[in-house]
Amino acid sequence: MGVCSMFMTAFSSPLRWLSLLWLGSQMAHGETVPSFRNEVMPALSKAGCNLGTCHGNATGKGGFKLSLRGQDIDYDYAALTRDVSGRRVNAFSPDESLLLSKGTNKLAHEGGKRLDAKGWEYRILRDWIAGGMPGTGTDDLRVKKLEVSPLTLILEENQGQVQLTAKATFSDGSQRDVTSQAVYEPLQNGLVEVGHGGLVKRLEFGEPTVLVRFLDQSVPVRLTFLRASPGFVWAQPRRENYVDGHIFTKLKTLRINPSSVCSDDVFARRAYLDLLGMVPTAEEARAFATDKRPDKRARLVDKLLARQEFADFWALKWADVLKAEGRTLDDTGLKAFHGWIRDNIAQNRPVDVMVRELVASRGSTYQQAASNFYRANRTPSERAVAAAQVFLGTRLQCAECHNHPFDRWTQDDYYNWSAVFGQVDYKLIGDNKRRDTNDKHEFNGEQIVFLNPKLSVDNPRTGEKAKPRFLGADMPKLADKEDELQAASVWLTGPKNPLFAKSQVNRIWYHLMGRGLVDPVDDFRLTNPASHPQLLEDLSQDFVKSGFDLRHIIRTLMLSRTYQLDSQPNETNAADEINYSHNLPRRLSAEQLFDSLHLALRVRSSLDKTGKRAGQMAGPKGGRGSPDPMSPEAFLVQFGRPKRELSCECERAGDTNLGQIFQFISGPIVGRLISDKYNRLQSLAKNDDPAPVVRDLYWALLSRAPSADEAKIMESLIVSAKDRRAALEDIAWSLVNAKEFVLRR
């Protein structure tokens, strides 16, 4: 739309001819009217008008709403010029415009003063109003690239500030310095402050990231402010593979020495817990400790990766995020889905092949088990969110109601991606005989998943049907007999979508290291950069070259020196929690604790009639209400086993609480295991020599031999006890309550 037509639309009819005469007079003086797209929008962003805390809020502020961070330029133009009869702008007296009067705080403004009457933002807005408020046009220049300098920088203690510069490249190839027009957002509170013109000043030492924005382009700048460490000497640790190369290079830059390598007993326990989900037996731990072969750690990793328990434990991780639970899937569907997941891991099926089958699946939820992915996600929105979060590490939930506040995804992206899954439909075989008739999320019985061409997704923003489109990419023309799900399965895992490989190796890193390179693991975005971006890139490329081999990446990580570092910090790394300079101890998961207790005390699991370990169970049966507090189910819930209602690692709780303490001090499960008539203690009580008894308990529960002092004390307790069995139970209680048992370190 041209300048005149825009102007005429914005004003009432009686004033139209006077307005046109006035506008012609202004143009005759040769004044250039600012571009709404490339000058007015940056001015609004620079003033902070379109932030979520101001008029960019989902409901606006004071009756005035702008799109969040200027993501919808047409909406913002209408809000400024047409909303409330265009009273926010006054072409006859621009300085009296409500937009400027409020912005300069001449009129009371809840957001305070946002504009300086002598600043460039005020001048741009005023000149645009005075020039007739032209809108956007098809010939407008578009920003194609934003370059920021420096992108990364390490600053010594005597360097407390750095000037950022920004340059925009437009669609005609022209370039413009936009340093003063760009918006600078520190992503970590309290580390730096950034001035209006891009001057970054250190507030605290650390590794802040500053996001630089200009229109729809964003660039993260990574800075490192170092303390002076005149006495620091790099320890020159040995590098086992490229993982160590990246981790140690950064640690050297930060003047942090990694901890020493952990002992054999710690490594063995760590490896068994990470790969099998339970501690080694006393015999396995002793055998590893006495093995003198120099490559015994690599041998152990290979041995554990080949065991059936590996498939059990890593299937549990996938089942968590794929929402494998009995309320929605029913018992038969749950067992089928879990069995399918486990079989894929047991066969070392390539991860991309497994995911393609999941996304393209349909048919009977009992016979074609992968189709339970859609039974667990009942709506197009749930399917879209789950696929993005689990397979791409991308959170889309915010974009359901408005453009994403921290990422590039818009409402249209959200609904167009949902439309890819919009034709999924269900046919229930037989009646849905719920256990809880009031629970509409419970389903019982076989279901057929199929595509119904009559179904579609509506975009509430436009009021029209959403058009199926991939995230950040166009939907290709479908081949003969190909549908949207099949096309999506190929695109998700294909080479044009690097997020798939990155998100998968990031999850593997998280499960082994306790923290993702991108953390949280399902939140990839510019405003949440990886701690080691090049390492993430190299790992993803290695994953692709290996044929998406899960075991290959796990083995690579576990044989790195980084994985094998001790949890005991040194004087240089005690404060480090994000750079992997030492192992960060964490509490064992619910299944690890449950299975390790039963294994160490030699008691059969009571979770079901077959004696399955917690790590072998298909999943929670679901349903509302809490389990019997005396039951094994209550123990697992207490220690954070998820309900599997969300496609998120966050649902599994790893915190500690008072209830867990009572479980280990006097809880029914631990008490029942220790007092079991036929457990490990019963056979040990028959041994008259206390020394091997104490050693056996330490190896079984803590995966190590007792120290001389520990052995002396424990042996004396046994010798002086009137009831040898009771003394052994007391020792067992003390060992299971030790940090060494409860923590993976």
# chains A, B, ... in the order shown; residues from 1 in each chain; ligands from 1
call {"tool": "select_by_dssp", "arguments": {"residues": "stretch 663-695 of chain A", "states": "helix (DSSP H, G or I)", "output": "PyMOL selection string"}}
result
chain A and resi 663-666+668-675+680-684+690-695
call {"tool": "write_last_selection", "arguments": {"atoms": "N, CA and C atoms", "output": "mmCIF file, in the first residue's frame"}}
result
data_model
loop_
_atom_site.group_PDB
_atom_site.id
_atom_site.type_symbol
_atom_site.label_atom_id
_atom_site.label_comp_id
_atom_site.auth_asym_id
_atom_site.auth_seq_id
_atom_site.Cartn_x
_atom_site.Cartn_y
_atom_site.Cartn_z
ATOM 1 N N GLN A 663 12.611 -42.790 54.242
ATOM 2 C CA GLN A 663 12.586 -44.077 53.548
ATOM 3 C C GLN A 663 13.832 -44.888 53.878
ATOM 4 N N PHE A 664 14.980 -44.216 53.964
ATOM 5 C CA PHE A 664 16.232 -44.928 54.205
ATOM 6 C C PHE A 664 16.548 -45.105 55.696
ATOM 7 N N ILE A 665 15.914 -44.313 56.547
ATOM 8 C CA ILE A 665 16.141 -44.474 57.982
ATOM 9 C C ILE A 665 15.226 -45.549 58.560
ATOM 10 N N SER A 666 13.961 -45.522 58.124
ATOM 11 C CA SER A 666 13.006 -46.460 58.725
ATOM 12 C C SER A 666 11.912 -46.887 57.753
ATOM 13 N N PRO A 668 9.585 -48.759 54.858
ATOM 14 C CA PRO A 668 9.154 -50.161 54.757
ATOM 15 C C PRO A 668 9.945 -50.983 53.749
ATOM 16 N N ILE A 669 10.342 -50.395 52.638
ATOM 17 C CA ILE A 669 11.044 -51.166 51.613
ATOM 18 C C ILE A 669 12.447 -51.525 52.081
ATOM 19 N N VAL A 670 13.217 -50.532 52.535
ATOM 20 C CA VAL A 670 14.580 -50.804 53.005
ATOM 21 C C VAL A 670 14.532 -51.740 54.203
ATOM 22 N N GLY A 671 13.600 -51.490 55.134
ATOM 23 C CA GLY A 671 13.492 -52.349 56.312
ATOM 24 C C GLY A 671 13.154 -53.771 55.940
ATOM 25 N N ARG A 672 12.251 -53.955 54.979
ATOM 26 C CA ARG A 672 11.856 -55.293 54.553
ATOM 27 C C ARG A 672 13.027 -56.028 53.914
ATOM 28 N N LEU A 673 13.832 -55.314 53.129
ATOM 29 C CA LEU A 673 14.975 -55.957 52.468
ATOM 30 C C LEU A 673 16.038 -56.380 53.477
ATOM 31 N N ILE A 674 16.334 -55.504 54.436
ATOM 32 C CA ILE A 674 17.388 -55.810 55.406
ATOM 33 C C ILE A 674 16.960 -56.916 56.370
ATOM 34 N N SER A 675 15.673 -56.966 56.681
ATOM 35 C CA SER A 675 15.209 -57.978 57.634
ATOM 36 C C SER A 675 14.750 -59.269 56.961
ATOM 37 N N ARG A 680 21.095 -61.776 51.969
ATOM 38 C CA ARG A 680 22.551 -61.938 52.048
ATOM 39 C C ARG A 680 23.036 -62.068 53.492
ATOM 40 N N LEU A 681 22.425 -61.337 54.380
ATOM 41 C CA LEU A 681 22.877 -61.315 55.770
ATOM 42 C C LEU A 681 22.722 -62.686 56.441
ATOM 43 N N GLN A 682 21.726 -63.443 56.019
ATOM 44 C CA GLN A 682 21.481 -64.728 56.654
ATOM 45 C C GLN A 682 22.661 -65.683 56.476
ATOM 46 N N SER A 683 23.215 -65.717 55.256
ATOM 47 C CA SER A 683 24.369 -66.594 55.031
ATOM 48 C C SER A 683 25.614 -66.041 55.694
ATOM 49 N N LEU A 684 25.772 -64.713 55.722
ATOM 50 C CA LEU A 684 26.942 -64.117 56.362
ATOM 51 C C LEU A 684 26.932 -64.336 57.874
ATOM 52 N N PRO A 690 34.657 -62.516 61.327
ATOM 53 C CA PRO A 690 34.009 -61.255 60.967
ATOM 54 C C PRO A 690 34.682 -60.516 59.810
ATOM 55 N N ALA A 691 35.974 -60.764 59.585
ATOM 56 C CA ALA A 691 36.707 -60.015 58.557
ATOM 57 C C ALA A 691 36.117 -60.206 57.159
ATOM 58 N N PRO A 692 35.936 -61.439 56.666
ATOM 59 C CA PRO A 692 35.357 -61.598 55.324
ATOM 60 C C PRO A 692 33.905 -61.154 55.256
ATOM 61 N N VAL A 693 33.206 -61.211 56.380
ATOM 62 C CA VAL A 693 31.810 -60.752 56.407
ATOM 63 C C VAL A 693 31.746 -59.248 56.140
ATOM 64 N N VAL A 694 32.595 -58.485 56.825
ATOM 65 C CA VAL A 694 32.620 -57.040 56.631
ATOM 66 C C VAL A 694 33.045 -56.691 55.205
ATOM 67 N N ARG A 695 34.070 -57.405 54.729
ATOM 68 C CA ARG A 695 34.539 -57.133 53.367
ATOM 69 C C ARG A 695 33.418 -57.388 52.351
#
call {"tool": "residues_around", "arguments": {"residues": "stretch 47-61 of chain A", "least_positions_apart": "6", "cutoff": "10 Å", "atoms": "only C-alpha atoms", "output": "NGL selection string"}}
result
:A and (41 or 67-71 or 76 or 103 or 110-111 or 113-116 or 121-122 or 181 or 183 or 196 or 401-403 or 405)
call {"tool": "residues_around", "arguments": {"residues": "A:Leu646", "least_positions_apart": "2", "cutoff": "7 Å", "atoms": "only C-alpha atoms", "output": "ChimeraX atom specification"}}
result
/A:321,323,644,648,651
call {"tool": "closest_atom_pairs", "arguments": {"of": "stretch 469-549 of chain A", "to": "stretch 737-745 of chain A", "cutoff": "12 Å", "atoms": "only C-alpha atoms", "output": "CSV"}}
result
residue,atom,partner,partner_atom,distance
A:His511,CA,A:Arg744,CA,11.9
A:Leu512,CA,A:Arg744,CA,10.6
A:Met513,CA,A:Arg745,CA,10.4
A:Gly514,CA,A:Arg744,CA,9.9
call {"tool": "closest_atom_pairs", "arguments": {"of": "stretch 305-403 of chain A", "to": "stretch 444-465 of chain A", "cutoff": "6 Å", "atoms": "only C-alpha atoms", "output": "CSV"}}
result
residue,atom,partner,partner_atom,distance
A:Asp330,CA,A:Asn444,CA,5.2
A:Arg362,CA,A:Val449,CA,4.9
A:Gly363,CA,A:Val449,CA,4.9
A:Ser364,CA,A:Ile448,CA,4.4
A:Thr365,CA,A:Gln447,CA,5.6
call {"tool": "select_by_dssp", "arguments": {"residues": "stretch 133-288 of chain A", "states": "strand (DSSP E or B)", "output": "ChimeraX atom specification"}}
result
/A:143-149,152-155,161-163,165-170,175-177,183-186,192-194,199-202,206,209-214,217-225,261
call {"tool": "write_last_selection", "arguments": {"atoms": "N, CA and C atoms", "output": "short mmCIF file (atom, residue, chain, number, x, y, z; two decimals), in the first residue's frame"}}
result
data_model
loop_
_atom_site.label_atom_id
_atom_site.label_comp_id
_atom_site.auth_asym_id
_atom_site.auth_seq_id
_atom_site.Cartn_x
_atom_site.Cartn_y
_atom_site.Cartn_z
N VAL A 143 16.43 -7.21 6.07
CA VAL A 143 17.72 -7.57 6.67
C VAL A 143 17.97 -9.05 6.44
N LYS A 144 19.10 -9.36 5.84
CA LYS A 144 19.45 -10.75 5.53
C LYS A 144 20.49 -11.32 6.48
N LYS A 145 21.26 -10.42 7.10
CA LYS A 145 22.35 -10.93 7.94
C LYS A 145 22.73 -9.87 8.97
N LEU A 146 23.06 -10.32 10.15
CA LEU A 146 23.56 -9.43 11.21
C LEU A 146 24.93 -9.94 11.64
N GLU A 147 25.92 -9.08 11.54
CA GLU A 147 27.28 -9.43 11.95
C GLU A 147 27.64 -8.63 13.20
N VAL A 148 28.12 -9.33 14.21
CA VAL A 148 28.48 -8.69 15.47
C VAL A 148 29.95 -8.98 15.77
N SER A 149 30.63 -7.98 16.26
CA SER A 149 32.03 -8.14 16.62
C SER A 149 32.28 -7.53 18.00
N THR A 152 33.25 -13.82 20.18
CA THR A 152 33.75 -14.41 21.41
C THR A 152 34.96 -13.61 21.85
N LEU A 153 35.16 -13.51 23.14
CA LEU A 153 36.31 -12.75 23.63
C LEU A 153 36.60 -13.16 25.07
N ILE A 154 37.88 -13.30 25.35
CA ILE A 154 38.35 -13.59 26.71
C ILE A 154 39.02 -12.33 27.24
N LEU A 155 38.58 -11.87 28.40
CA LEU A 155 39.11 -10.62 28.96
C LEU A 155 39.78 -10.89 30.30
N GLN A 161 35.64 -4.04 30.43
CA GLN A 161 34.57 -3.71 29.51
C GLN A 161 34.99 -3.98 28.07
N VAL A 162 34.01 -4.09 27.21
CA VAL A 162 34.26 -4.31 25.79
C VAL A 162 33.13 -3.68 24.98
N GLN A 163 33.47 -3.07 23.86
CA GLN A 163 32.48 -2.44 22.98
C GLN A 163 32.06 -3.43 21.89
N THR A 165 30.03 -4.13 18.33
CA THR A 165 29.57 -3.42 17.14
C THR A 165 28.70 -4.36 16.31
N ALA A 166 27.72 -3.78 15.64
CA ALA A 166 26.78 -4.58 14.85
C ALA A 166 26.62 -3.98 13.46
N LYS A 167 26.61 -4.86 12.44
CA LYS A 167 26.46 -4.42 11.06
C LYS A 167 25.40 -5.28 10.38
N ALA A 168 24.43 -4.62 9.75
CA ALA A 168 23.34 -5.32 9.07
C ALA A 168 23.56 -5.30 7.56
N THR A 169 23.32 -6.44 6.93
CA THR A 169 23.36 -6.54 5.47
C THR A 169 21.93 -6.69 4.97
N PHE A 170 21.55 -5.85 3.99
CA PHE A 170 20.18 -5.83 3.50
C PHE A 170 20.04 -6.61 2.19
N GLN A 175 25.07 -2.39 3.25
CA GLN A 175 25.36 -2.66 4.66
C GLN A 175 25.22 -1.37 5.46
N ARG A 176 24.87 -1.55 6.74
CA ARG A 176 24.70 -0.38 7.58
C ARG A 176 25.15 -0.69 9.00
N ASP A 177 25.87 0.24 9.60
CA ASP A 177 26.24 0.09 11.00
C ASP A 177 25.00 0.31 11.85
N VAL A 183 19.55 -4.09 19.82
CA VAL A 183 19.15 -4.31 21.21
C VAL A 183 20.11 -5.32 21.82
N TYR A 184 20.55 -5.06 23.05
CA TYR A 184 21.53 -5.92 23.72
C TYR A 184 20.91 -6.50 24.98
N GLU A 185 20.87 -7.83 25.04
CA GLU A 185 20.22 -8.50 26.16
C GLU A 185 21.19 -9.46 26.84
N PRO A 186 21.67 -9.16 28.05
CA PRO A 186 22.49 -10.14 28.80
C PRO A 186 21.61 -11.33 29.18
N VAL A 192 26.96 -8.97 33.78
CA VAL A 192 27.35 -7.78 33.01
C VAL A 192 26.16 -6.84 32.90
N GLU A 193 26.47 -5.60 32.57
CA GLU A 193 25.44 -4.65 32.13
C GLU A 193 25.87 -4.12 30.77
N VAL A 194 24.88 -3.85 29.91
CA VAL A 194 25.19 -3.39 28.56
C VAL A 194 24.53 -2.03 28.34
N LEU A 199 28.13 -1.04 24.87
CA LEU A 199 29.30 -1.16 25.72
C LEU A 199 28.98 -2.11 26.87
N VAL A 200 29.72 -3.23 26.93
CA VAL A 200 29.50 -4.24 27.96
C VAL A 200 30.45 -3.99 29.12
N LYS A 201 29.90 -3.91 30.33
CA LYS A 201 30.71 -3.70 31.52
C LYS A 201 30.56 -4.89 32.46
N ARG A 202 31.68 -5.37 32.95
CA ARG A 202 31.69 -6.51 33.86
C ARG A 202 31.14 -6.11 35.23
N GLY A 206 32.98 -14.34 35.17
CA GLY A 206 32.21 -15.47 34.69
C GLY A 206 32.15 -15.50 33.18
N THR A 209 26.70 -14.40 28.32
CA THR A 209 26.33 -14.35 26.90
C THR A 209 25.42 -13.15 26.71
N VAL A 210 25.68 -12.38 25.67
CA VAL A 210 24.85 -11.22 25.34
C VAL A 210 24.20 -11.48 23.99
N LEU A 211 22.87 -11.43 23.96
CA LEU A 211 22.15 -11.60 22.69
C LEU A 211 21.99 -10.23 22.04
N VAL A 212 22.45 -10.12 20.79
CA VAL A 212 22.34 -8.87 20.04
C VAL A 212 21.23 -9.05 19.00
N ARG A 213 20.22 -8.16 19.04
CA ARG A 213 19.07 -8.27 18.15
C ARG A 213 18.92 -7.02 17.29
N PHE A 214 18.61 -7.25 16.02
CA PHE A 214 18.19 -6.15 15.14
C PHE A 214 17.13 -6.70 14.21
N GLN A 217 16.81 -10.56 13.21
CA GLN A 217 18.11 -11.23 13.26
C GLN A 217 18.66 -11.16 14.69
N SER A 218 19.24 -12.28 15.15
CA SER A 218 19.82 -12.34 16.49
C SER A 218 21.16 -13.07 16.44
N VAL A 219 22.10 -12.57 17.21
CA VAL A 219 23.44 -13.17 17.28
C VAL A 219 23.88 -13.22 18.74
N PRO A 220 24.26 -14.40 19.26
CA PRO A 220 24.77 -14.46 20.63
C PRO A 220 26.27 -14.15 20.67
N VAL A 221 26.68 -13.37 21.64
CA VAL A 221 28.10 -13.05 21.85
C VAL A 221 28.52 -13.69 23.17
N ARG A 222 29.58 -14.48 23.11
CA ARG A 222 30.06 -15.19 24.31
C ARG A 222 31.32 -14.50 24.83
N LEU A 223 31.26 -14.06 26.07
CA LEU A 223 32.38 -13.36 26.70
C LEU A 223 32.85 -14.15 27.91
N THR A 224 34.11 -14.02 28.22
CA THR A 224 34.68 -14.66 29.40
C THR A 224 35.51 -13.63 30.15
N PHE A 225 35.10 -13.35 31.38
CA PHE A 225 35.85 -12.43 32.23
C PHE A 225 36.63 -13.25 33.26
N VAL A 261 41.95 -38.57 37.72
CA VAL A 261 41.07 -39.65 37.27
C VAL A 261 40.59 -40.43 38.49
#
call {"tool": "residues_around", "arguments": {"residues": "A:Arg375", "least_positions_apart": "2", "cutoff": "9 Å", "atoms": "only C-alpha atoms", "output": "VMD selection string"}}
result
chain A and resid 328 to 329 365 371 to 373 377 to 378 426 447 449
call {"tool": "write_last_selection", "arguments": {"atoms": "C-alpha atoms", "output": "JSON list (two decimals), in the first residue's frame"}}
result
[["chain", "number", "residue", "atom", "x", "y", "z"],
["A", 328, "THR", "CA", -3.48, -43.77, 28.13],
["A", 329, "LEU", "CA", -1.92, -46.83, 26.48],
["A", 365, "THR", "CA", -1.49, -50.09, 18.95],
["A", 371, "SER", "CA", 1.87, -46.31, 16.79],
["A", 372, "ASN", "CA", 1.51, -45.90, 20.55],
["A", 373, "PHE", "CA", 3.53, -42.71, 20.08],
["A", 377, "ASN", "CA", -0.21, -37.78, 22.18],
["A", 378, "ARG", "CA", -3.88, -37.30, 21.47],
["A", 426, "TYR", "CA", -8.20, -43.14, 16.19],
["A", 447, "GLN", "CA", -6.92, -48.68, 19.03],
["A", 449, "VAL", "CA", -4.21, -45.16, 14.41]]
call {"tool": "atom_distance", "arguments": {"atom1": "atom CA of A:Phe443", "atom2": "atom CA of A:Pro627"}}
result
19.9 Å
call {"tool": "atom_distance", "arguments": {"atom1": "atom CA of A:Trp733", "atom2": "atom CA of A:Ala653"}}
result
24.5 Å
call {"tool": "residues_around", "arguments": {"residues": "stretch 565-581 of chain A", "least_positions_apart": "6", "cutoff": "10 Å", "atoms": "only C-alpha atoms", "output": "PyMOL selection string"}}
result
chain A and resi 229+232+247-248+250-251+254-263+266-267+513-517+519+531-532+744-745
call {"tool": "residues_around", "arguments": {"residues": "A:Val637", "least_positions_apart": "5", "cutoff": "12 Å", "atoms": "only C-alpha atoms", "output": "PyMOL selection string"}}
result
chain A and resi 589-591+593-594+614+619-620+622+625-632+642-644+651-654+659-660+663
call {"tool": "residues_around", "arguments": {"residues": "stretch 382-387 of chain A", "least_positions_apart": "5", "cutoff": "6 Å", "atoms": "only C-alpha atoms", "output": "compact mmCIF listing (two decimals) with C-alpha atoms, in the first residue's frame"}}
result
# COMPACT_ATOMS: atom_id res chain seq x y z
CA ASN A 377 -0.21 -37.78 22.18
CA LEU A 396 7.37 -24.88 21.19
CA SER A 418 0.85 -29.05 14.19
CA SER A 647 7.67 -35.34 26.84
call {"tool": "atom_distance", "arguments": {"atom1": "atom CA of A:Lys292", "atom2": "atom CA of A:Leu599"}}
result
26.3 Å
call {"tool": "decode", "arguments": {"residues": "stretch 365-401 of chain A", "atoms": "C-alpha atoms", "output": "PDB file, in the first residue's frame"}}
result
ATOM      1  CA  THR A 365      -1.494 -50.087  18.946  1.00  0.00           C
ATOM      2  CA  TYR A 366      -1.196 -53.750  19.924  1.00  0.00           C
ATOM      3  CA  GLN A 367       0.292 -55.064  16.670  1.00  0.00           C
ATOM      4  CA  GLN A 368       2.222 -52.033  15.326  1.00  0.00           C
ATOM      5  CA  ALA A 369       3.667 -50.976  18.659  1.00  0.00           C
ATOM      6  CA  ALA A 370       5.324 -47.766  17.424  1.00  0.00           C
ATOM      7  CA  SER A 371       1.870 -46.309  16.785  1.00  0.00           C
ATOM      8  CA  ASN A 372       1.510 -45.898  20.554  1.00  0.00           C
ATOM      9  CA  PHE A 373       3.527 -42.707  20.077  1.00  0.00           C
ATOM     10  CA  TYR A 374       0.315 -41.214  18.689  1.00  0.00           C
ATOM     11  CA  ARG A 375      -1.903 -42.927  21.230  1.00  0.00           C
ATOM     12  CA  ALA A 376       0.085 -41.157  23.972  1.00  0.00           C
ATOM     13  CA  ASN A 377      -0.212 -37.781  22.183  1.00  0.00           C
ATOM     14  CA  ARG A 378      -3.879 -37.302  21.467  1.00  0.00           C
ATOM     15  CA  THR A 379      -4.041 -33.903  19.754  1.00  0.00           C
ATOM     16  CA  PRO A 380      -2.150 -32.295  16.860  1.00  0.00           C
ATOM     17  CA  SER A 381      -0.606 -29.814  19.295  1.00  0.00           C
ATOM     18  CA  GLU A 382       0.585 -32.568  21.651  1.00  0.00           C
ATOM     19  CA  ARG A 383       2.119 -34.477  18.736  1.00  0.00           C
ATOM     20  CA  ALA A 384       3.849 -31.394  17.365  1.00  0.00           C
ATOM     21  CA  VAL A 385       5.244 -30.392  20.755  1.00  0.00           C
ATOM     22  CA  ALA A 386       6.413 -33.929  21.548  1.00  0.00           C
ATOM     23  CA  ALA A 387       8.122 -34.418  18.172  1.00  0.00           C
ATOM     24  CA  ALA A 388       9.938 -31.090  18.434  1.00  0.00           C
ATOM     25  CA  GLN A 389      10.950 -31.572  22.060  1.00  0.00           C
ATOM     26  CA  VAL A 390      12.122 -35.195  21.913  1.00  0.00           C
ATOM     27  CA  PHE A 391      13.624 -35.329  18.418  1.00  0.00           C
ATOM     28  CA  LEU A 392      14.847 -31.748  17.918  1.00  0.00           C
ATOM     29  CA  GLY A 393      15.419 -30.542  21.473  1.00  0.00           C
ATOM     30  CA  THR A 394      13.076 -27.623  20.787  1.00  0.00           C
ATOM     31  CA  ARG A 395      10.355 -26.262  23.058  1.00  0.00           C
ATOM     32  CA  LEU A 396       7.368 -24.882  21.187  1.00  0.00           C
ATOM     33  CA  GLN A 397       4.755 -24.529  23.926  1.00  0.00           C
ATOM     34  CA  CYS A 398       5.084 -20.739  24.179  1.00  0.00           C
ATOM     35  CA  ALA A 399       4.240 -20.287  20.505  1.00  0.00           C
ATOM     36  CA  GLU A 400       0.758 -21.771  20.936  1.00  0.00           C
ATOM     37  CA  CYS A 401      -0.584 -18.449  22.239  1.00  0.00           C
TER      38      CYS A 401
END
